>>> print(open('final_8.csv').read())   # CSV, N, CA and C atoms and all ligand atoms
chain,number,residue,atom,x,y,z
A,589,MET,N,105.3,84.7,112.8
A,589,MET,CA,104.6,85.7,113.5
A,589,MET,C,103.2,85.9,112.9
A,590,ARG,N,102.2,86.1,113.8
A,590,ARG,CA,100.9,86.3,113.2
A,590,ARG,C,100.7,87.7,112.9
A,591,ILE,N,99.8,88.0,111.9
A,591,ILE,CA,99.5,89.3,111.5
A,591,ILE,C,98.7,90.0,112.6
A,592,HIS,N,99.1,91.1,113.1
A,592,HIS,CA,98.3,91.8,114.1
A,592,HIS,C,97.3,92.8,113.5
A,593,HIS,N,97.7,93.6,112.5
A,593,HIS,CA,96.8,94.5,111.8
A,593,HIS,C,97.4,94.9,110.5
A,594,ILE,N,96.6,95.5,109.6
A,594,ILE,CA,97.0,96.1,108.4
A,594,ILE,C,96.8,97.6,108.5
A,595,GLY,N,97.8,98.4,108.2
A,595,GLY,CA,97.8,99.8,108.3
A,595,GLY,C,97.4,100.4,107.0
A,596,TYR,N,96.4,101.3,107.0
A,596,TYR,CA,95.9,102.0,105.8
A,596,TYR,C,96.3,103.5,106.0
A,597,ALA,N,96.9,104.1,105.0
A,597,ALA,CA,97.1,105.5,105.0
A,597,ALA,C,95.8,106.1,104.4
A,598,VAL,N,95.2,107.0,105.1
A,598,VAL,CA,94.0,107.7,104.6
A,598,VAL,C,94.1,109.2,104.7
A,599,ARG,N,93.3,110.0,104.0
A,599,ARG,CA,93.5,111.4,104.1
A,599,ARG,C,92.8,111.9,105.3
A,600,GLU,N,91.6,111.4,105.6
A,600,GLU,CA,90.8,111.7,106.8
A,600,GLU,C,90.2,110.5,107.4
A,601,ILE,N,90.2,110.4,108.7
A,601,ILE,CA,89.7,109.2,109.4
A,601,ILE,C,88.2,109.0,109.2
A,602,GLY,N,87.4,110.1,109.4
A,602,GLY,CA,86.0,110.0,109.4
A,602,GLY,C,85.4,109.3,108.1
A,603,PRO,N,85.7,109.9,107.0
A,603,PRO,CA,85.1,109.4,105.7
A,603,PRO,C,85.6,107.9,105.4
A,604,ALA,N,86.9,107.7,105.8
A,604,ALA,CA,87.4,106.3,105.5
A,604,ALA,C,86.8,105.3,106.5
A,605,ALA,N,86.6,105.7,107.7
A,605,ALA,CA,85.9,104.8,108.7
A,605,ALA,C,84.5,104.5,108.2
A,606,ALA,N,83.8,105.4,107.6
A,606,ALA,CA,82.5,105.2,107.2
A,606,ALA,C,82.5,104.1,106.1
A,607,VAL,N,83.5,104.1,105.2
A,607,VAL,CA,83.6,103.1,104.2
A,607,VAL,C,83.8,101.7,104.8
A,608,PHE,N,84.8,101.7,105.8
A,608,PHE,CA,85.1,100.4,106.4
A,608,PHE,C,83.9,99.9,107.2
A,609,GLU,N,83.0,100.8,107.8
A,609,GLU,CA,81.8,100.4,108.5
A,609,GLU,C,80.9,99.6,107.5
A,610,SER,N,80.8,100.1,106.3
A,610,SER,CA,80.0,99.5,105.3
A,610,SER,C,80.6,98.1,104.9
A,611,LEU,N,81.9,97.9,105.2
A,611,LEU,CA,82.5,96.6,104.9
A,611,LEU,C,82.4,95.7,106.1
A,612,GLY,N,81.8,96.1,107.2
A,612,GLY,CA,81.6,95.3,108.3
A,612,GLY,C,82.5,95.5,109.5
A,613,PHE,N,83.3,96.6,109.4
A,613,PHE,CA,84.2,96.9,110.5
A,613,PHE,C,83.5,97.9,111.5
A,614,ALA,N,83.9,97.8,112.8
A,614,ALA,CA,83.4,98.7,113.8
A,614,ALA,C,84.6,99.2,114.6
A,615,LYS,N,84.5,100.4,115.1
A,615,LYS,CA,85.6,101.0,115.9
A,615,LYS,C,86.0,100.1,117.0
A,616,ALA,N,87.3,99.8,117.1
A,616,ALA,CA,87.8,99.0,118.2
A,616,ALA,C,88.3,99.9,119.4
A,617,ARG,N,88.6,101.1,119.1
A,617,ARG,CA,89.0,102.1,120.1
A,617,ARG,C,88.6,103.5,119.7
A,618,GLU,N,88.9,104.4,120.5
A,618,GLU,CA,88.6,105.8,120.1
A,618,GLU,C,89.8,106.3,119.2
A,619,ILE,N,89.6,107.4,118.5
A,619,ILE,CA,90.7,108.0,117.7
A,619,ILE,C,91.8,108.5,118.6
A,620,VAL,N,93.0,108.2,118.3
A,620,VAL,CA,94.2,108.6,119.1
A,620,VAL,C,95.1,109.5,118.2
A,621,ARG,N,95.5,110.6,118.8
A,621,ARG,CA,96.5,111.5,118.1
A,621,ARG,C,97.9,111.0,118.6
A,622,ASP,N,98.7,110.6,117.6
A,622,ASP,CA,100.1,110.3,117.9
A,622,ASP,C,100.9,111.5,117.5
A,623,GLU,N,101.4,112.3,118.5
A,623,GLU,CA,102.1,113.5,118.2
A,623,GLU,C,103.5,113.3,117.7
A,624,VAL,N,104.1,112.2,118.1
A,624,VAL,CA,105.4,111.9,117.6
A,624,VAL,C,105.4,111.7,116.1
A,625,ARG,N,104.4,110.9,115.6
A,625,ARG,CA,104.3,110.7,114.1
A,625,ARG,C,103.4,111.7,113.4
A,626,ALA,N,102.8,112.6,114.2
A,626,ALA,CA,101.9,113.6,113.6
A,626,ALA,C,100.8,112.9,112.8
A,627,VAL,N,100.2,111.9,113.4
A,627,VAL,CA,99.1,111.3,112.7
A,627,VAL,C,97.9,111.1,113.7
A,628,GLU,N,96.7,110.9,113.1
A,628,GLU,CA,95.6,110.4,113.9
A,628,GLU,C,95.3,109.0,113.5
A,629,ILE,N,95.0,108.2,114.5
A,629,ILE,CA,94.9,106.7,114.3
A,629,ILE,C,93.6,106.2,114.8
A,630,LEU,N,92.9,105.3,114.0
A,630,LEU,CA,91.7,104.7,114.5
A,630,LEU,C,91.9,103.2,114.1
A,631,PHE,N,91.7,102.3,115.2
A,631,PHE,CA,91.7,100.9,114.9
A,631,PHE,C,90.2,100.4,114.8
A,632,MET,N,90.0,99.6,113.8
A,632,MET,CA,88.7,99.0,113.5
A,632,MET,C,88.8,97.5,113.4
A,633,ARG,N,87.7,96.8,113.8
A,633,ARG,CA,87.8,95.4,113.9
A,633,ARG,C,86.6,94.8,113.1
A,634,ASN,N,86.8,93.7,112.4
A,634,ASN,CA,85.8,92.9,111.8
A,634,ASN,C,86.1,91.4,112.0
A,635,GLY,N,85.5,90.9,113.1
A,635,GLY,CA,85.9,89.5,113.4
A,635,GLY,C,87.4,89.4,113.9
A,636,GLU,N,88.1,88.6,113.2
A,636,GLU,CA,89.5,88.4,113.6
A,636,GLU,C,90.4,89.5,112.9
A,637,SER,N,89.8,90.3,112.0
A,637,SER,CA,90.6,91.2,111.2
A,637,SER,C,90.7,92.6,111.9
A,638,LEU,N,91.9,93.1,112.1
A,638,LEU,CA,92.1,94.4,112.7
A,638,LEU,C,92.8,95.3,111.6
A,639,ILE,N,92.2,96.5,111.4
A,639,ILE,CA,92.9,97.5,110.6
A,639,ILE,C,93.2,98.7,111.3
A,640,GLU,N,94.1,99.5,110.9
A,640,GLU,CA,94.5,100.7,111.5
A,640,GLU,C,94.5,101.8,110.4
A,641,LEU,N,93.6,102.8,110.6
A,641,LEU,CA,93.5,103.9,109.7
A,641,LEU,C,94.4,105.0,110.2
A,642,VAL,N,95.3,105.5,109.4
A,642,VAL,CA,96.3,106.5,109.8
A,642,VAL,C,96.2,107.7,108.9
A,643,ALA,N,95.9,108.8,109.5
A,643,ALA,CA,95.7,110.1,108.7
A,643,ALA,C,96.7,111.1,109.2
A,644,PRO,N,97.3,111.9,108.3
A,644,PRO,CA,98.2,112.9,108.7
A,644,PRO,C,97.6,114.1,109.4
A,645,GLN,N,98.3,114.6,110.4
A,645,GLN,CA,97.8,115.8,111.1
A,645,GLN,C,98.2,117.1,110.3
A,646,HIS,N,99.3,117.0,109.5
A,646,HIS,CA,99.8,118.1,108.7
A,646,HIS,C,100.8,117.5,107.7
A,647,ASP,N,101.3,118.4,106.8
A,647,ASP,CA,102.1,118.0,105.7
A,647,ASP,C,103.5,117.4,106.1
A,648,GLY,N,103.8,117.6,107.4
A,648,GLY,CA,105.1,117.1,107.9
A,648,GLY,C,105.0,115.6,108.3
A,649,SER,N,103.8,115.1,108.3
A,649,SER,CA,103.6,113.7,108.8
A,649,SER,C,104.3,112.7,107.8
A,650,PRO,N,104.8,111.6,108.4
A,650,PRO,CA,105.5,110.6,107.6
A,650,PRO,C,104.5,109.9,106.6
A,651,VAL,N,103.2,109.9,106.8
A,651,VAL,CA,102.3,109.2,105.9
A,651,VAL,C,102.0,110.1,104.6
A,652,VAL,N,102.3,111.4,104.7
A,652,VAL,CA,102.0,112.3,103.6
A,652,VAL,C,102.7,111.8,102.3
A,653,GLY,N,103.9,111.4,102.4
A,653,GLY,CA,104.6,110.9,101.2
A,653,GLY,C,103.9,109.7,100.5
A,654,HIS,N,103.5,108.8,101.4
A,654,HIS,CA,102.8,107.6,100.8
A,654,HIS,C,101.5,108.1,100.2
A,655,LEU,N,100.7,109.0,100.8
A,655,LEU,CA,99.4,109.4,100.2
A,655,LEU,C,99.7,110.1,98.9
A,656,ARG,N,100.7,110.9,98.8
A,656,ARG,CA,101.0,111.6,97.5
A,656,ARG,C,101.4,110.6,96.4
A,657,LYS,N,102.1,109.6,96.8
A,657,LYS,CA,102.6,108.6,95.8
A,657,LYS,C,101.6,107.6,95.4
A,658,SER,N,100.8,107.1,96.4
A,658,SER,CA,99.9,106.0,96.1
A,658,SER,C,98.5,106.2,96.4
A,659,GLY,N,98.2,107.4,97.0
A,659,GLY,CA,96.8,107.7,97.4
A,659,GLY,C,96.4,106.9,98.6
A,660,PRO,N,95.2,106.9,99.1
A,660,PRO,CA,94.8,106.2,100.2
A,660,PRO,C,94.9,104.7,99.9
A,661,SER,N,95.6,103.9,100.8
A,661,SER,CA,95.9,102.5,100.5
A,661,SER,C,96.6,101.9,101.6
A,662,PRO,N,96.6,100.6,101.7
A,662,PRO,CA,97.4,99.9,102.7
A,662,PRO,C,98.9,100.2,102.6
A,663,TYR,N,99.5,100.4,103.7
A,663,TYR,CA,101.0,100.7,103.5
A,663,TYR,C,101.9,100.0,104.5
A,664,HIS,N,101.3,99.3,105.5
A,664,HIS,CA,102.1,98.4,106.3
A,664,HIS,C,101.3,97.3,106.8
A,665,ILE,N,102.0,96.1,107.0
A,665,ILE,CA,101.4,95.0,107.8
A,665,ILE,C,102.2,94.9,109.1
A,666,CYS,N,101.4,94.8,110.2
A,666,CYS,CA,102.1,94.7,111.5
A,666,CYS,C,102.0,93.2,112.0
A,667,TYR,N,103.2,92.7,112.4
A,667,TYR,CA,103.3,91.4,112.9
A,667,TYR,C,103.5,91.4,114.4
A,668,GLU,N,103.0,90.5,115.1
A,668,GLU,CA,103.1,90.4,116.6
A,668,GLU,C,104.2,89.5,117.0
A,669,THR,N,105.0,89.9,117.9
A,669,THR,CA,106.1,89.1,118.4
A,669,THR,C,106.3,89.2,119.9
A,670,ASP,N,106.7,88.2,120.5
A,670,ASP,CA,107.0,88.3,122.0
A,670,ASP,C,108.5,88.5,122.2
A,671,ILE,N,109.3,88.6,121.1
A,671,ILE,CA,110.7,88.8,121.2
A,671,ILE,C,111.1,90.0,120.3
A,672,LEU,N,110.6,91.2,120.7
A,672,LEU,CA,110.7,92.4,119.8
A,672,LEU,C,112.2,92.7,119.5
A,673,GLU,N,113.0,92.9,120.5
A,673,GLU,CA,114.4,93.3,120.2
A,673,GLU,C,115.1,92.3,119.3
A,674,THR,N,114.8,91.0,119.6
A,674,THR,CA,115.5,89.9,118.8
A,674,THR,C,115.0,90.0,117.4
A,675,ARG,N,113.7,90.2,117.1
A,675,ARG,CA,113.2,90.2,115.8
A,675,ARG,C,113.8,91.5,115.0
A,676,VAL,N,113.8,92.6,115.7
A,676,VAL,CA,114.3,93.8,115.1
A,676,VAL,C,115.8,93.6,114.7
A,677,ALA,N,116.6,93.0,115.6
A,677,ALA,CA,118.0,92.8,115.3
A,677,ALA,C,118.1,91.8,114.1
A,678,ALA,N,117.3,90.8,114.1
A,678,ALA,CA,117.4,89.8,113.0
A,678,ALA,C,117.1,90.4,111.7
A,679,MET,N,116.0,91.2,111.7
A,679,MET,CA,115.6,91.8,110.4
A,679,MET,C,116.7,92.8,109.9
A,680,ARG,N,117.3,93.5,110.9
A,680,ARG,CA,118.4,94.5,110.5
A,680,ARG,C,119.6,93.7,109.9
A,681,ALA,N,119.9,92.6,110.5
A,681,ALA,CA,121.0,91.7,110.1
A,681,ALA,C,120.7,91.2,108.7
A,682,GLU,N,119.4,91.1,108.3
A,682,GLU,CA,119.0,90.6,107.0
A,682,GLU,C,119.0,91.7,106.0
A,683,GLY,N,119.3,93.0,106.4
A,683,GLY,CA,119.3,94.1,105.5
A,683,GLY,C,118.2,95.1,105.6
A,684,CYS,N,117.2,94.8,106.5
A,684,CYS,CA,116.1,95.8,106.6
A,684,CYS,C,116.7,97.1,107.3
A,685,ILE,N,116.0,98.2,106.9
A,685,ILE,CA,116.4,99.5,107.5
A,685,ILE,C,115.4,99.8,108.6
A,686,LEU,N,116.0,100.2,109.7
A,686,LEU,CA,115.1,100.6,110.8
A,686,LEU,C,114.6,102.0,110.6
A,687,VAL,N,113.3,102.1,110.3
A,687,VAL,CA,112.7,103.4,110.0
A,687,VAL,C,112.3,104.1,111.2
A,688,GLU,N,111.7,103.4,112.2
A,688,GLU,CA,111.4,104.0,113.5
A,688,GLU,C,111.8,103.0,114.6
A,689,ALA,N,112.7,103.5,115.4
A,689,ALA,CA,113.2,102.6,116.5
A,689,ALA,C,112.1,102.2,117.5
A,690,ILE,N,112.4,101.3,118.3
A,690,ILE,CA,111.4,100.7,119.2
A,690,ILE,C,110.9,101.8,120.1
A,691,ARG,N,109.6,102.0,120.2
A,691,ARG,CA,109.0,103.0,121.1
A,691,ARG,C,107.6,102.5,121.5
A,692,GLU,N,107.0,103.2,122.5
A,692,GLU,CA,105.6,102.9,122.9
A,692,GLU,C,104.7,103.6,122.0
A,693,ALA,N,103.7,102.9,121.5
A,693,ALA,CA,102.7,103.5,120.6
A,693,ALA,C,101.4,103.8,121.3
A,694,PRO,N,101.0,105.1,121.4
A,694,PRO,CA,99.8,105.4,122.2
A,694,PRO,C,98.5,104.8,121.6
A,695,ALA,N,98.5,104.6,120.3
A,695,ALA,CA,97.2,104.2,119.7
A,695,ALA,C,97.0,102.7,119.9
A,696,ILE,N,98.0,102.0,120.5
A,696,ILE,CA,97.9,100.6,120.6
A,696,ILE,C,98.1,100.2,122.1
A,697,GLY,N,97.6,101.1,123.0
A,697,GLY,CA,97.7,100.9,124.4
A,697,GLY,C,99.1,101.0,125.0
A,698,GLY,N,100.0,101.7,124.3
A,698,GLY,CA,101.3,101.9,124.9
A,698,GLY,C,102.2,100.7,124.6
A,699,ARG,N,101.7,99.7,123.8
A,699,ARG,CA,102.6,98.6,123.5
A,699,ARG,C,103.8,99.1,122.6
A,700,ARG,N,104.9,98.4,122.7
A,700,ARG,CA,106.1,98.8,122.0
A,700,ARG,C,106.0,98.3,120.5
A,701,VAL,N,106.4,99.2,119.6
A,701,VAL,CA,106.4,98.9,118.2
A,701,VAL,C,107.7,99.4,117.6
A,702,ALA,N,108.0,98.8,116.4
A,702,ALA,CA,109.1,99.3,115.6
A,702,ALA,C,108.7,99.2,114.1
A,703,PHE,N,109.3,100.0,113.3
A,703,PHE,CA,109.0,100.0,111.9
A,703,PHE,C,110.3,99.7,111.1
A,704,LEU,N,110.3,98.7,110.2
A,704,LEU,CA,111.4,98.4,109.4
A,704,LEU,C,111.1,98.4,107.9
A,705,TYR,N,112.0,98.8,107.1
A,705,TYR,CA,111.8,98.8,105.7
A,705,TYR,C,112.5,97.6,105.0
A,706,ASN,N,111.8,96.8,104.4
A,706,ASN,CA,112.4,95.7,103.6
A,706,ASN,C,112.3,96.0,102.1
A,707,ALA,N,113.4,96.0,101.5
A,707,ALA,CA,113.4,96.4,100.0
A,707,ALA,C,112.6,95.5,99.2
A,708,LYS,N,112.3,94.2,99.6
A,708,LYS,CA,111.5,93.3,98.8
A,708,LYS,C,110.0,93.3,99.1
A,709,ILE,N,109.7,93.7,100.3
A,709,ILE,CA,108.2,93.7,100.6
A,709,ILE,C,107.7,95.0,101.2
A,710,GLY,N,108.6,96.0,101.4
A,710,GLY,CA,108.1,97.3,101.9
A,710,GLY,C,108.1,97.4,103.4
A,711,LEU,N,107.2,98.2,103.9
A,711,LEU,CA,107.2,98.6,105.3
A,711,LEU,C,106.6,97.5,106.2
A,712,VAL,N,107.3,97.1,107.2
A,712,VAL,CA,106.9,96.1,108.2
A,712,VAL,C,106.9,96.7,109.6
A,713,GLU,N,105.8,96.5,110.3
A,713,GLU,CA,105.7,97.0,111.7
A,713,GLU,C,105.8,95.7,112.6
A,714,LEU,N,106.5,95.8,113.7
A,714,LEU,CA,106.5,94.8,114.7
A,714,LEU,C,105.9,95.3,115.9
A,715,VAL,N,105.0,94.6,116.6
A,715,VAL,CA,104.4,95.0,117.9
A,715,VAL,C,104.7,93.9,118.9
A,716,GLU,N,105.0,94.3,120.1
A,716,GLU,CA,105.3,93.4,121.1
A,716,GLU,C,104.0,92.8,121.6
A,717,ALA,N,104.0,91.5,121.8
A,717,ALA,CA,102.8,90.7,122.2
A,717,ALA,C,102.4,91.1,123.6
B,801,NI,NI,100.4,99.9,112.5
>>> encode(input="final_8.csv", output="structure tokens", more="lines below")
Ligand code: NI
Amino acid sequence: MRIHHIGYAVREIGPAAAVFESLGFAKAREIVRDEVRAVEILFMRNGESLIELVAPQHDGSPVVGHLRKSGPSPYHICYETDILETRVAAMRAEGCILVEAIREAPAIGGRRVAFLYNAKIGLVELVEA
């Protein structure tokens, strides 16, 4: 599977986006509020590289724990697949924990995603091609 994007947990979108702009990234979309995950999301592109800035809306957001533990930093790699259900099932069979079941992600044009935790490499996101 090819890498689709790298997800960064950040405290606030604006200041983090300014840093990435200085690294050559530009906004790929507008900021989207994902109410299910209680986060704001901004995708930025630099050539072939796509990153996703994820900032919590409040203390109940799932990214808050990561920010407390590790500070602003990358926290997931997203892989693209055209067989989402099959990949999710295979990863679960290999011992990965399904962290977020398959659902449509508003920040990525409604494409379906799933999050799995692998004890050896951490959080993995899958997005349907
Ligand atoms: Ni992501």
>>> residues_around(input="final_8.csv", residues="segment 607-623 of chain A", least_positions_apart="4", cutoff="6.5 Å", atoms="all atoms listed in the file", output="PyMOL selection string")
chain A and resi 602-603+627-634+694-695
>>> write_last_selection(input="final_8.csv", atoms="N, CA and C atoms", output="PDB file, in the frame of the given file")
ATOM      1  N   GLY A 602      87.400 110.100 109.400  1.00  0.00           N
ATOM      2  CA  GLY A 602      86.000 110.000 109.400  1.00  0.00           C
ATOM      3  C   GLY A 602      85.400 109.300 108.100  1.00  0.00           C
ATOM      4  N   PRO A 603      85.700 109.900 107.000  1.00  0.00           N
ATOM      5  CA  PRO A 603      85.100 109.400 105.700  1.00  0.00           C
ATOM      6  C   PRO A 603      85.600 107.900 105.400  1.00  0.00           C
ATOM      7  N   VAL A 627     100.200 111.900 113.400  1.00  0.00           N
ATOM      8  CA  VAL A 627      99.100 111.300 112.700  1.00  0.00           C
ATOM      9  C   VAL A 627      97.900 111.100 113.700  1.00  0.00           C
ATOM     10  N   GLU A 628      96.700 110.900 113.100  1.00  0.00           N
ATOM     11  CA  GLU A 628      95.600 110.400 113.900  1.00  0.00           C
ATOM     12  C   GLU A 628      95.300 109.000 113.500  1.00  0.00           C
ATOM     13  N   ILE A 629      95.000 108.200 114.500  1.00  0.00           N
ATOM     14  CA  ILE A 629      94.900 106.700 114.300  1.00  0.00           C
ATOM     15  C   ILE A 629      93.600 106.200 114.800  1.00  0.00           C
ATOM     16  N   LEU A 630      92.900 105.300 114.000  1.00  0.00           N
ATOM     17  CA  LEU A 630      91.700 104.700 114.500  1.00  0.00           C
ATOM     18  C   LEU A 630      91.900 103.200 114.100  1.00  0.00           C
ATOM     19  N   PHE A 631      91.700 102.300 115.200  1.00  0.00           N
ATOM     20  CA  PHE A 631      91.700 100.900 114.900  1.00  0.00           C
ATOM     21  C   PHE A 631      90.200 100.400 114.800  1.00  0.00           C
ATOM     22  N   MET A 632      90.000  99.600 113.800  1.00  0.00           N
ATOM     23  CA  MET A 632      88.700  99.000 113.500  1.00  0.00           C
ATOM     24  C   MET A 632      88.800  97.500 113.400  1.00  0.00           C
ATOM     25  N   ARG A 633      87.700  96.800 113.800  1.00  0.00           N
ATOM     26  CA  ARG A 633      87.800  95.400 113.900  1.00  0.00           C
ATOM     27  C   ARG A 633      86.600  94.800 113.100  1.00  0.00           C
ATOM     28  N   ASN A 634      86.800  93.700 112.400  1.00  0.00           N
ATOM     29  CA  ASN A 634      85.800  92.900 111.800  1.00  0.00           C
ATOM     30  C   ASN A 634      86.100  91.400 112.000  1.00  0.00           C
ATOM     31  N   PRO A 694     101.000 105.100 121.400  1.00  0.00           N
ATOM     32  CA  PRO A 694      99.800 105.400 122.200  1.00  0.00           C
ATOM     33  C   PRO A 694      98.500 104.800 121.600  1.00  0.00           C
ATOM     34  N   ALA A 695      98.500 104.600 120.300  1.00  0.00           N
ATOM     35  CA  ALA A 695      97.200 104.200 119.700  1.00  0.00           C
ATOM     36  C   ALA A 695      97.000 102.700 119.900  1.00  0.00           C
TER      37      ALA A 695
END
>>> closest_atom_pairs(input="final_8.csv", of="chain A", to="ligand NI 801 (chain B)", cutoff="7 Å", atoms="only N, CA and C atoms and all ligand atoms", output="JSON lines")
{"residue": "A:His593", "atom": "C", "partner": "B:NI801", "partner_atom": "NI", "distance": 6.2}
{"residue": "A:Ile594", "atom": "C", "partner": "B:NI801", "partner_atom": "NI", "distance": 5.9}
{"residue": "A:Gly595", "atom": "CA", "partner": "B:NI801", "partner_atom": "NI", "distance": 4.9}
{"residue": "A:Tyr596", "atom": "N", "partner": "B:NI801", "partner_atom": "NI", "distance": 6.9}
{"residue": "A:Glu640", "atom": "CA", "partner": "B:NI801", "partner_atom": "NI", "distance": 6.0}
{"residue": "A:His664", "atom": "C", "partner": "B:NI801", "partner_atom": "NI", "distance": 6.3}
{"residue": "A:Ile665", "atom": "C", "partner": "B:NI801", "partner_atom": "NI", "distance": 6.3}
{"residue": "A:Cys666", "atom": "CA", "partner": "B:NI801", "partner_atom": "NI", "distance": 5.6}
{"residue": "A:Glu713", "atom": "CA", "partner": "B:NI801", "partner_atom": "NI", "distance": 6.1}
>>> select_by_dssp(input="final_8.csv", residues="chain A", states="strand (DSSP E or B)", output="ChimeraX atom specification")
/A:590-597,614-615,620-622,627-634,637-644,661-669,685-692,700-706,710-716
>>> residues_around(input="final_8.csv", residues="Arg680 of chain A", least_positions_apart="6", cutoff="8 Å", atoms="only N, CA and C atoms", output="compact mmCIF listing (two decimals) with N, CA and C atoms, in the frame of the given file")
# COMPACT_ATOMS: atom_id res chain seq x y z
N THR A 674 114.80 91.00 119.60
CA THR A 674 115.50 89.90 118.80
C THR A 674 115.00 90.00 117.40
N LEU A 686 116.00 100.20 109.70
CA LEU A 686 115.10 100.60 110.80
C LEU A 686 114.60 102.00 110.60
N LEU A 704 110.30 98.70 110.20
CA LEU A 704 111.40 98.40 109.40
C LEU A 704 111.10 98.40 107.90
>>> closest_residue(input="final_8.csv", among="A:His592, A:Lys708, A:Arg599, A:Ile690", to="Gly653 of chain A", atoms="only C-alpha atoms")
A:Arg599
>>> decode(input="final_8.csv", residues="segment 590-605 of chain A", atoms="N, CA, C and O atoms", output="PDB file, in the first residue's frame")
ATOM      1  N   ARG A 590       0.491   2.214  -0.802  1.00  0.00           N
ATOM      2  CA  ARG A 590       1.288   3.433  -0.806  1.00  0.00           C
ATOM      3  C   ARG A 590       0.858   4.329   0.356  1.00  0.00           C
ATOM      4  O   ARG A 590      -0.291   4.280   0.802  1.00  0.00           O
ATOM      5  N   ILE A 591       1.798   5.149   0.807  1.00  0.00           N
ATOM      6  CA  ILE A 591       1.483   6.091   1.879  1.00  0.00           C
ATOM      7  C   ILE A 591       0.636   7.222   1.305  1.00  0.00           C
ATOM      8  O   ILE A 591       1.002   7.825   0.278  1.00  0.00           O
ATOM      9  N   HIS A 592      -0.479   7.486   1.934  1.00  0.00           N
ATOM     10  CA  HIS A 592      -1.359   8.575   1.492  1.00  0.00           C
ATOM     11  C   HIS A 592      -1.000   9.882   2.195  1.00  0.00           C
ATOM     12  O   HIS A 592      -0.872  10.916   1.557  1.00  0.00           O
ATOM     13  N   HIS A 593      -0.855   9.844   3.508  1.00  0.00           N
ATOM     14  CA  HIS A 593      -0.446  11.044   4.245  1.00  0.00           C
ATOM     15  C   HIS A 593       0.139  10.673   5.595  1.00  0.00           C
ATOM     16  O   HIS A 593      -0.011   9.547   6.069  1.00  0.00           O
ATOM     17  N   ILE A 594       0.804  11.669   6.187  1.00  0.00           N
ATOM     18  CA  ILE A 594       1.301  11.553   7.557  1.00  0.00           C
ATOM     19  C   ILE A 594       0.461  12.479   8.419  1.00  0.00           C
ATOM     20  O   ILE A 594       0.262  13.653   8.083  1.00  0.00           O
ATOM     21  N   GLY A 595      -0.062  11.950   9.513  1.00  0.00           N
ATOM     22  CA  GLY A 595      -0.890  12.748  10.418  1.00  0.00           C
ATOM     23  C   GLY A 595      -0.058  13.318  11.556  1.00  0.00           C
ATOM     24  O   GLY A 595       0.672  12.582  12.228  1.00  0.00           O
ATOM     25  N   TYR A 596      -0.146  14.640  11.743  1.00  0.00           N
ATOM     26  CA  TYR A 596       0.558  15.318  12.835  1.00  0.00           C
ATOM     27  C   TYR A 596      -0.461  15.792  13.863  1.00  0.00           C
ATOM     28  O   TYR A 596      -1.428  16.476  13.505  1.00  0.00           O
ATOM     29  N   ALA A 597      -0.234  15.486  15.105  1.00  0.00           N
ATOM     30  CA  ALA A 597      -1.021  16.090  16.178  1.00  0.00           C
ATOM     31  C   ALA A 597      -0.394  17.437  16.513  1.00  0.00           C
ATOM     32  O   ALA A 597       0.823  17.525  16.752  1.00  0.00           O
ATOM     33  N   VAL A 598      -1.212  18.487  16.476  1.00  0.00           N
ATOM     34  CA  VAL A 598      -0.732  19.830  16.804  1.00  0.00           C
ATOM     35  C   VAL A 598      -1.715  20.474  17.773  1.00  0.00           C
ATOM     36  O   VAL A 598      -2.878  20.079  17.847  1.00  0.00           O
ATOM     37  N   ARG A 599      -1.243  21.492  18.488  1.00  0.00           N
ATOM     38  CA  ARG A 599      -2.145  22.130  19.456  1.00  0.00           C
ATOM     39  C   ARG A 599      -3.125  23.072  18.774  1.00  0.00           C
ATOM     40  O   ARG A 599      -4.279  23.154  19.144  1.00  0.00           O
ATOM     41  N   GLU A 600      -2.613  23.815  17.765  1.00  0.00           N
ATOM     42  CA  GLU A 600      -3.462  24.725  16.994  1.00  0.00           C
ATOM     43  C   GLU A 600      -3.066  24.634  15.528  1.00  0.00           C
ATOM     44  O   GLU A 600      -1.876  24.594  15.202  1.00  0.00           O
ATOM     45  N   ILE A 601      -4.069  24.654  14.660  1.00  0.00           N
ATOM     46  CA  ILE A 601      -3.804  24.518  13.225  1.00  0.00           C
ATOM     47  C   ILE A 601      -2.971  25.696  12.696  1.00  0.00           C
ATOM     48  O   ILE A 601      -1.970  25.498  12.008  1.00  0.00           O
ATOM     49  N   GLY A 602      -3.399  26.925  12.995  1.00  0.00           N
ATOM     50  CA  GLY A 602      -2.802  28.104  12.367  1.00  0.00           C
ATOM     51  C   GLY A 602      -1.293  28.198  12.527  1.00  0.00           C
ATOM     52  O   GLY A 602      -0.555  28.275  11.531  1.00  0.00           O
ATOM     53  N   PRO A 603      -0.788  28.212  13.766  1.00  0.00           N
ATOM     54  CA  PRO A 603       0.657  28.339  13.958  1.00  0.00           C
ATOM     55  C   PRO A 603       1.438  27.162  13.366  1.00  0.00           C
ATOM     56  O   PRO A 603       2.536  27.351  12.824  1.00  0.00           O
ATOM     57  N   ALA A 604       0.863  25.965  13.439  1.00  0.00           N
ATOM     58  CA  ALA A 604       1.559  24.799  12.874  1.00  0.00           C
ATOM     59  C   ALA A 604       1.598  24.905  11.344  1.00  0.00           C
ATOM     60  O   ALA A 604       2.624  24.611  10.722  1.00  0.00           O
ATOM     61  N   ALA A 605       0.482  25.355  10.757  1.00  0.00           N
ATOM     62  CA  ALA A 605       0.444  25.493   9.293  1.00  0.00           C
ATOM     63  C   ALA A 605       1.484  26.504   8.821  1.00  0.00           C
ATOM     64  O   ALA A 605       2.108  26.316   7.773  1.00  0.00           O
TER      65      ALA A 605
END
